[in-house]
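Asker: Please find work_39.txt (compact mmCIF, C-alpha atoms) on the next line:
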```txt
# COMPACT_ATOMS: atom_id res chain seq x y z
CA MET A 24 201.70 -95.70 19.87
CA LYS A 25 204.72 -93.49 20.55
CA ILE A 26 207.34 -93.69 23.25
CA ILE A 27 207.06 -90.44 25.19
CA SER A 28 210.53 -89.86 26.64
CA GLY A 29 214.15 -90.98 26.68
CA ILE A 30 216.41 -92.15 23.88
CA TYR A 31 213.51 -93.64 21.89
CA LYS A 32 211.29 -90.58 22.36
CA GLY A 33 208.88 -90.18 19.46
CA ILE A 34 209.45 -93.65 18.02
CA SER A 35 206.25 -95.55 17.36
CA ILE A 36 205.90 -99.19 18.28
CA GLN A 37 203.67 -101.48 16.26
CA THR A 38 200.31 -102.36 17.76
CA SER A 39 197.36 -104.37 16.54
CA LYS A 40 193.64 -103.67 16.79
CA LYS A 41 193.09 -107.43 16.48
CA LEU A 42 194.59 -108.00 19.94
CA SER A 43 192.53 -107.52 23.07
CA TYR A 44 195.07 -105.62 25.16
CA ARG A 45 194.44 -102.18 26.63
CA PRO A 46 197.66 -100.14 26.29
CA THR A 47 198.46 -97.69 29.05
CA LYS A 48 197.49 -94.19 27.91
CA SER A 49 200.28 -91.68 27.36
CA LEU A 50 199.06 -89.37 30.16
CA VAL A 51 199.18 -92.28 32.61
CA ARG A 52 202.60 -93.41 31.36
CA LYS A 53 203.98 -89.88 31.69
CA SER A 54 202.65 -89.54 35.21
CA ILE A 55 204.01 -92.93 36.28
CA PHE A 56 207.49 -92.22 34.96
CA ASP A 57 207.45 -88.65 36.29
CA SER A 58 206.64 -90.09 39.74
CA LEU A 59 209.75 -92.27 39.52
CA ARG A 60 211.79 -89.03 39.27
CA PHE A 61 215.33 -90.08 38.51
CA PHE A 62 214.82 -93.32 36.66
CA ASP A 63 217.39 -95.63 38.19
CA PHE A 64 215.93 -99.07 37.64
CA SER A 65 218.32 -101.50 36.02
CA SER A 66 215.97 -104.49 35.84
CA VAL A 67 212.32 -104.09 34.87
CA CYS A 68 209.54 -106.65 34.61
CA ASP A 69 206.42 -105.86 32.57
CA LEU A 70 203.69 -108.31 33.69
CA PHE A 71 200.64 -108.75 31.44
CA SER A 72 202.77 -106.92 28.86
CA GLY A 73 200.13 -106.53 26.14
CA SER A 74 201.73 -104.04 23.76
CA GLY A 75 204.95 -103.91 25.82
CA ILE A 76 204.82 -100.12 25.98
CA MET A 77 205.77 -99.91 29.67
CA GLY A 78 208.83 -102.08 29.11
CA PHE A 79 209.83 -100.04 26.07
CA GLU A 80 209.36 -96.77 28.00
CA SER A 81 211.68 -98.22 30.66
CA ALA A 82 214.25 -99.20 28.03
CA SER A 83 214.07 -95.71 26.59
CA ARG A 84 214.90 -94.28 30.02
CA GLY A 85 217.96 -96.48 30.55
CA ALA A 86 216.88 -99.81 32.05
CA LYS A 87 219.50 -102.43 31.27
CA SER A 88 217.20 -105.46 31.28
CA ILE A 89 213.50 -105.67 30.43
CA THR A 90 211.44 -108.81 31.01
CA PHE A 91 208.11 -109.09 29.21
CA VAL A 92 205.54 -111.62 30.47
CA ASP A 93 202.28 -112.28 28.63
CA ASP A 94 200.45 -115.49 27.83
CA ASN A 95 199.17 -114.31 24.45
CA TYR A 96 201.24 -115.61 21.52
CA ASP A 97 200.33 -112.74 19.16
CA SER A 98 201.08 -110.07 21.77
CA MET A 99 204.46 -111.61 22.50
CA LYS A 100 205.24 -111.90 18.80
CA LEU A 101 204.56 -108.17 18.33
CA ILE A 102 206.62 -107.29 21.43
CA LYS A 103 209.56 -109.27 20.01
CA GLU A 104 209.25 -107.47 16.66
CA ASN A 105 209.23 -104.09 18.41
CA ALA A 106 212.22 -105.05 20.56
CA LYS A 107 214.15 -106.06 17.46
CA MET A 108 213.22 -102.77 15.76
CA LEU A 109 214.28 -100.65 18.76
CA GLY A 110 217.41 -102.55 19.69
CA GLY A 111 218.73 -101.44 23.03
CA PRO A 112 219.06 -103.32 26.30
CA LYS A 113 218.75 -107.01 27.10
CA TYR A 114 215.17 -108.16 26.48
CA ASN A 115 213.70 -111.32 27.99
CA PHE A 116 210.44 -112.79 26.72
CA PHE A 117 208.18 -115.19 28.60
CA GLN A 118 205.02 -116.32 26.88
CA LYS A 119 203.37 -117.84 29.91
CA ASP A 120 200.85 -117.28 32.66
CA VAL A 121 202.01 -114.48 34.96
CA PHE A 122 201.28 -116.46 38.14
CA LYS A 123 203.33 -119.42 36.89
CA PHE A 124 206.13 -117.01 35.97
CA LEU A 125 206.08 -115.49 39.48
CA LYS A 126 206.57 -118.90 41.11
CA ASN A 127 210.21 -119.04 40.03
CA CYS A 128 211.55 -115.81 38.56
CA ALA A 129 214.33 -113.34 39.26
CA SER A 130 213.96 -110.19 41.35
CA TYR A 131 213.54 -106.78 39.76
CA ASP A 132 214.03 -103.10 40.53
CA LEU A 133 210.71 -102.15 38.92
CA ILE A 134 207.70 -104.37 38.31
CA TYR A 135 204.75 -103.08 36.34
CA ALA A 136 201.53 -105.10 36.22
CA ASP A 137 198.49 -104.29 34.10
CA PRO A 138 196.17 -107.30 34.20
CA PRO A 139 192.86 -107.27 32.34
CA TYR A 140 190.43 -105.41 34.59
CA GLY A 141 188.37 -107.68 36.83
CA SER A 142 190.09 -110.88 35.74
CA HIS A 143 192.48 -111.67 38.61
CA ASP A 144 192.80 -111.54 42.38
CA LEU A 145 194.92 -108.40 42.65
CA VAL A 146 195.85 -108.88 46.31
CA TYR A 147 197.25 -112.31 45.43
CA LEU A 148 199.07 -110.88 42.38
CA VAL A 149 200.66 -108.07 44.38
CA ASP A 150 201.63 -110.42 47.22
CA LYS A 151 203.43 -112.70 44.73
CA ALA A 152 205.05 -109.81 42.82
CA LEU A 153 206.34 -108.08 45.98
CA LYS A 154 208.37 -111.22 46.74
CA HIS A 155 210.38 -110.54 43.56
CA LEU A 156 211.06 -106.87 44.20
CA ASN A 157 214.62 -105.79 44.97
CA LYS A 158 215.40 -103.51 47.91
CA ASN A 159 214.36 -99.94 47.02
CA GLY A 160 212.33 -101.41 44.18
CA ILE A 161 208.86 -100.29 43.13
CA LEU A 162 205.79 -102.26 42.12
CA ILE A 163 203.16 -100.46 40.06
CA LEU A 164 199.72 -101.92 39.42
CA GLU A 165 197.31 -100.48 36.87
CA CYS A 166 193.69 -101.34 37.63
CA ASN A 167 190.14 -100.07 37.44
CA LYS A 168 189.26 -97.01 39.52
CA ASN A 169 186.78 -99.15 41.51
CA GLN A 170 189.66 -101.16 43.02
CA SER A 171 190.09 -100.33 46.70
CA PRO A 172 193.66 -99.65 47.84
CA PHE A 173 195.31 -102.44 49.83
CA LEU A 174 198.58 -103.41 51.51
CA ASP A 175 199.52 -99.81 52.34
CA CYS A 176 199.99 -98.47 48.83
CA ALA A 177 200.02 -95.03 47.27
CA LEU A 178 197.34 -94.33 44.67
CA ARG A 179 196.52 -91.98 41.85
CA ASP A 180 193.49 -91.89 39.56
CA PHE A 181 193.26 -91.02 35.87
CA GLY A 182 189.66 -91.18 34.68
CA GLN A 183 188.64 -94.84 35.06
CA THR A 184 192.25 -95.95 35.65
CA ARG A 185 193.77 -96.30 39.11
CA ILE A 186 197.50 -96.66 39.70
CA LEU A 187 198.59 -98.36 42.92
CA LYS A 188 202.23 -98.20 43.95
CA TRP A 189 204.36 -100.02 46.54
CA GLU A 190 207.98 -99.36 47.50
CA ASN A 191 210.28 -101.99 49.01
CA LYS A 192 212.28 -99.90 51.45
```
Can the structure in the file be given as C-alpha cells, please?
Answerer:
Amino acid sequence: MKIISGIYKGISIQTSKKLSYRPTKSLVRKSIFDSLRFFDFSSVCDLFSGSGIMGFESASRGAKSITFVDDNYDSMKLIKENAKMLGGPKYNFFQKDVFKFLKNCASYDLIYADPPYGSHDLVYLVDKALKHLNKNGILILECNKNQSPFLDCALRDFGQTRILKWENK
C-alpha cells in the first residue's frame, strides 16, 4: 500500500494479508485529505489503526505527532516497523482498547477512527472522541454506508464506505 501524497508520496508501507484489518482505499484517503484542504494538523490520532495508513498519510503531509491506537499486537508491530522505516515525526503507539484509551488521553487536532464495521456503538465512540478534539479540530469516522448520520455531521459516500466528519469550531 502506497502513501499517496506529501513527503513520503509513493513509498509503500508493509501490510499483511494475515491480519484482519480493512485499510482505507486510496480513493477514500485522497478525498479525505483533499477535503482537509491546507493540512494544518499538528497532532493526529489514528484510532483502530489497522495498517496505520491514515497516520502515515498525516505524517507525510506534515503532522508533527501521530498517535496510533489498536488492540491487535500484530497490527501494532507492523505499524512500528513502518514508522521506523519512514522516520519522520514523533510517533506514539498504544496497543490497547480504543475506549480505554479515550478515557484518559491527550487532545488532538485531527482524529481518524475506522472501527470494524458493525462492531461498536458509533454514537458512543464519536461522543468520547469529540471530547479529545482541539478547537478547530476535525473528527473523521469511516463506517459502512448503511450507518445513518448523527450529531450534525457532514457525510460522503464511496461505494459501501461512508465518511462522517465533525468540526470543533
Asker: If we count only C-alpha atoms and set the cut-off at 10 Å, which residues sit around A:Ser35, ignoring sequence neighbours fewer than 6 positions away in its own chain? Please answer as a list of chain:residue names.
Answerer: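 Close residues of A:Ser35: A:Met24, A:Lys25, A:Ile26, A:Ile27, A:Ile76, A:Asn105, A:Leu109.
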Asker: Provide the atom CA of A:Ile89 to atom CA of A:Lys103 distance in Å, to one decimal place.
Answerer: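 Atom CA of A:Ile89 sits 11.7 Å away from atom CA of A:Lys103.
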Asker: From the set A:Asn191, A:Asn127, A:Thr38, A:Thr184, which residue has the shortest atom-to-atom contact distance to A:Leu164, counting only C-alpha atoms?
Answerer: A:Thr184
Asker: Determine the nearest neighbour of A:Ser49 from the options A:Ser81, A:Trp189, A:Gly141, A:Ser28, counting only C-alpha atoms.
Answerer: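 Nearest candidate to A:Ser49 out of A:Ser81, A:Trp189, A:Gly141, A:Ser28: A:Ser28.
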Asker: A:Phe62: which residues within 12 Å, counting only C-alpha atoms, same-chain residues fewer than 2 positions away excluded, as an MDAnalysis selection string?
Answerer: chainID A and resid 28:29 55:60 64:67 80:87 132:133 160:161
Asker: Excluding same-chain residues fewer than 6 positions from A:Leu101, what lies within 12 Å of it counting only C-alpha atoms, as a list of chain:residue names?
Answerer: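 After dropping sequence-adjacent residues, the list is A:Ile36, A:Gln37, A:Thr38, A:Ser39, A:Lys40, A:Lys41, A:Leu42, A:Tyr44, A:Ser72, A:Gly73, A:Ser74, A:Gly75, A:Ile76, A:Phe91, A:Asp93, A:Asn95, A:Lys107, A:Met108, A:Phe116, A:Gln118.
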Asker: Which one of A:Asp63, A:Asp120, A:Asp94, A:Glu190 sits closest to A:Leu153 if you count all atoms listed in the file?
Answerer: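 Under the stated criterion, the closest residue is A:Glu190.
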Asker: Record the distance separating atom CA of A:His143 and atom CA of A:Phe122, expressed in Å with one decimal.
Answerer: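 Between atom CA of A:His143 and atom CA of A:Phe122 the gap works out to 10.0 Å.
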Asker: May I have the residues within 12 Å of A:Gly182 as a PyMOL selection string, using only C-alpha atoms and disregarding those fewer than 6 positions away in the same chain?
Answerer: chain A and resi 48+50-51+166-169
Asker: Mind checking which residues fall within 9 Å of A:Thr90, counting only C-alpha atoms, ignoring those fewer than 5 positions away in the same chain, and posting them as a list of chain:residue names?
Answerer: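 Near A:Thr90, the qualifying residues are A:Ser66, A:Val67, A:Cys68, A:Asp69, A:Leu70, A:Gly78, A:Lys113, A:Tyr114, A:Asn115, A:Phe116, A:Phe117.
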Asker: Kindly indicate which residue among A:Phe71, A:Leu125, A:Lys32, A:Cys176 lies nearest to A:Met99, using all atoms listed in the file for the distances.
Answerer: A:Phe71
Asker: Looking at A:Lys151, A:Asp137, A:Ala129, A:Ser98, which one is nearest to A:Ile186, with distances taken over only C-alpha atoms?
Answerer: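 Going through A:Lys151, A:Asp137, A:Ala129, A:Ser98 one by one, the smallest distance to A:Ile186 is for A:Asp137.
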Asker: Atom CA of A:Phe79 to atom CA of A:Lys53: how many Å, to one decimal?
Answerer: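 Between atom CA of A:Phe79 and atom CA of A:Lys53 the gap works out to 13.0 Å.
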Asker: Determine the nearest neighbour of A:Val121 from the options A:Val92, A:Phe61, A:Leu145, A:Ala136, counting all atoms listed in the file.
Answerer: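 That would be A:Val92, the residue with the smallest distance to A:Val121.
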Asker: Any chance you could model N, CA, C and O atoms for stretch 163-175 of chain A and send them as a PDB file, in the frame of the given file?
Answerer:
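Result written to rebuild_26.pdb:
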```
ATOM      1  N   ILE A 163     204.263-101.295  40.529  1.00  0.00           N
ATOM      2  CA  ILE A 163     203.160-100.460  40.060  1.00  0.00           C
ATOM      3  C   ILE A 163     202.091-101.361  39.468  1.00  0.00           C
ATOM      4  O   ILE A 163     202.385-102.212  38.630  1.00  0.00           O
ATOM      5  N   LEU A 164     200.855-101.160  39.908  1.00  0.00           N
ATOM      6  CA  LEU A 164     199.720-101.920  39.420  1.00  0.00           C
ATOM      7  C   LEU A 164     198.720-100.971  38.785  1.00  0.00           C
ATOM      8  O   LEU A 164     198.292-100.002  39.414  1.00  0.00           O
ATOM      9  N   GLU A 165     198.364-101.246  37.540  1.00  0.00           N
ATOM     10  CA  GLU A 165     197.310-100.480  36.870  1.00  0.00           C
ATOM     11  C   GLU A 165     196.024-101.296  36.983  1.00  0.00           C
ATOM     12  O   GLU A 165     196.007-102.488  36.670  1.00  0.00           O
ATOM     13  N   CYS A 166     194.966-100.643  37.446  1.00  0.00           N
ATOM     14  CA  CYS A 166     193.690-101.340  37.630  1.00  0.00           C
ATOM     15  C   CYS A 166     192.533-100.360  37.417  1.00  0.00           C
ATOM     16  O   CYS A 166     192.751 -99.182  37.146  1.00  0.00           O
ATOM     17  N   ASN A 167     191.337-100.875  37.582  1.00  0.00           N
ATOM     18  CA  ASN A 167     190.140-100.070  37.440  1.00  0.00           C
ATOM     19  C   ASN A 167     189.992 -99.161  38.663  1.00  0.00           C
ATOM     20  O   ASN A 167     190.355 -99.540  39.773  1.00  0.00           O
ATOM     21  N   LYS A 168     189.424 -97.983  38.449  1.00  0.00           N
ATOM     22  CA  LYS A 168     189.260 -97.010  39.520  1.00  0.00           C
ATOM     23  C   LYS A 168     188.427 -97.553  40.685  1.00  0.00           C
ATOM     24  O   LYS A 168     188.541 -97.080  41.814  1.00  0.00           O
ATOM     25  N   ASN A 169     187.604 -98.563  40.458  1.00  0.00           N
ATOM     26  CA  ASN A 169     186.780 -99.150  41.510  1.00  0.00           C
ATOM     27  C   ASN A 169     187.580-100.004  42.487  1.00  0.00           C
ATOM     28  O   ASN A 169     187.065-100.388  43.533  1.00  0.00           O
ATOM     29  N   GLN A 170     188.826-100.325  42.155  1.00  0.00           N
ATOM     30  CA  GLN A 170     189.660-101.160  43.020  1.00  0.00           C
ATOM     31  C   GLN A 170     190.035-100.386  44.282  1.00  0.00           C
ATOM     32  O   GLN A 170     190.621 -99.313  44.200  1.00  0.00           O
ATOM     33  N   SER A 171     189.712-100.947  45.433  1.00  0.00           N
ATOM     34  CA  SER A 171     190.090-100.330  46.700  1.00  0.00           C
ATOM     35  C   SER A 171     191.578-100.505  46.936  1.00  0.00           C
ATOM     36  O   SER A 171     192.143-101.552  46.608  1.00  0.00           O
ATOM     37  N   PRO A 172     192.236 -99.500  47.517  1.00  0.00           N
ATOM     38  CA  PRO A 172     193.660 -99.650  47.840  1.00  0.00           C
ATOM     39  C   PRO A 172     193.853-100.740  48.894  1.00  0.00           C
ATOM     40  O   PRO A 172     192.963-101.003  49.697  1.00  0.00           O
ATOM     41  N   PHE A 173     195.002-101.377  48.877  1.00  0.00           N
ATOM     42  CA  PHE A 173     195.310-102.440  49.830  1.00  0.00           C
ATOM     43  C   PHE A 173     196.801-102.526  50.060  1.00  0.00           C
ATOM     44  O   PHE A 173     197.595-101.972  49.296  1.00  0.00           O
ATOM     45  N   LEU A 174     197.179-103.189  51.149  1.00  0.00           N
ATOM     46  CA  LEU A 174     198.580-103.410  51.510  1.00  0.00           C
ATOM     47  C   LEU A 174     199.391-102.124  51.558  1.00  0.00           C
ATOM     48  O   LEU A 174     200.526-102.058  51.090  1.00  0.00           O
ATOM     49  N   ASP A 175     198.816-101.076  52.101  1.00  0.00           N
ATOM     50  CA  ASP A 175     199.520 -99.810  52.340  1.00  0.00           C
ATOM     51  C   ASP A 175     200.219 -99.267  51.097  1.00  0.00           C
ATOM     52  O   ASP A 175     201.440 -99.131  51.056  1.00  0.00           O
TER      53      ASP A 175
END
```
